[in-house]
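Asks: Would you mind keeping the following structure in view while I ask a few things?
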Amino acid sequence: MPRKSGTTGVRRLNVTLPPDIVGLLDRVAAKGVRSRVIAEAVRSYDADQSSRRIRELMKEPAIRYARRDLEIAAEWFPLKEEAWRLRKM
């Protein structure tokens with residue numbers, strides 16, 4: 001079980017990474033900031049995955065209602081055009 005490090009609320013973990021990832025980490029982060037870089041990468045990954053999940057959740061209803069939405073837009077377009085024409089007068 002990971003142990004708490006001091007009172008800062010951080011935890012020490014033992015992770016195993018492939019050599020190419022370790023090399024990449026060595027190139028992008030100095031030894032003193034590796035934890036911060038990894039934390040930022042995990043936060044970024046989580047945000048990306050959350051956005052992807054939201055897009056997927058929205059995709060199916062958008063496809064399902066696309067025809068209906070186009071029909072509504074086509075119905076209202078002439079009225080909107082007329083309103084703009086009257087407004088310009």
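Note on naming: chains are A, B, ... as they come in the structure tokens, residues start from 1 per chain, ligands start from 1 in the order shown.
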Using DSSP on the backbone coordinates, identify the residues of chain A assigned to strand (DSSP E or B); present them as a PyMOL selection string.

Replies: chain A and resi 4-5+10-11

Asks: Show me, as an MDAnalysis selection string, the residues that have an atom within 12 Å of range 22-38 of chain A when counting only C-alpha atoms, minus same-chain residues fewer than 6 positions from it.

Replies: chainID A and resid 10:16 44:45

Asks: Any chance you can output those residues with C-alpha atoms as a CSV table (one decimal), in the first residue's frame?

Replies:
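Produced file out-v3.csv, reproduced below:
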chain,number,residue,atom,x,y,z
A,10,VAL,CA,0.8,13.5,-1.7
A,11,ARG,CA,1.4,9.8,-2.0
A,12,ARG,CA,4.5,7.9,-3.2
A,13,LEU,CA,3.9,5.3,-5.8
A,14,ASN,CA,6.1,2.7,-7.4
A,15,VAL,CA,5.3,2.6,-11.1
A,16,THR,CA,6.8,0.5,-13.9
A,44,SER,CA,-4.8,16.1,-19.2
A,45,TYR,CA,-5.6,12.5,-20.1

Asks: Rounded to one decimal place, report the CA of Ala39 in chain A-CA of Pro18 in chain A distance in Å.

Replies: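 CA of Ala39 in chain A sits 17.8 Å away from CA of Pro18 in chain A.
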
Asks: Give me, as an MDAnalysis selection string, the residues of range 8-86 of chain A that a backbone DSSP run labels helix (DSSP H, G or I).

Replies: chainID A and resid 19:28 31:64 66:86

Asks: Just to confirm, what's the straight-line distance from CA of Glu40 in chain A to CA of Ile21 in chain A in Å (one decimal)?

Replies: 15.4 Å

Asks: What does the distance between CA of Ala83 in chain A and CA of Ala66 in chain A come to in Å, to one decimal place?

Replies: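 For CA of Ala83 in chain A relative to CA of Ala66 in chain A, the distance reads 25.1 Å.
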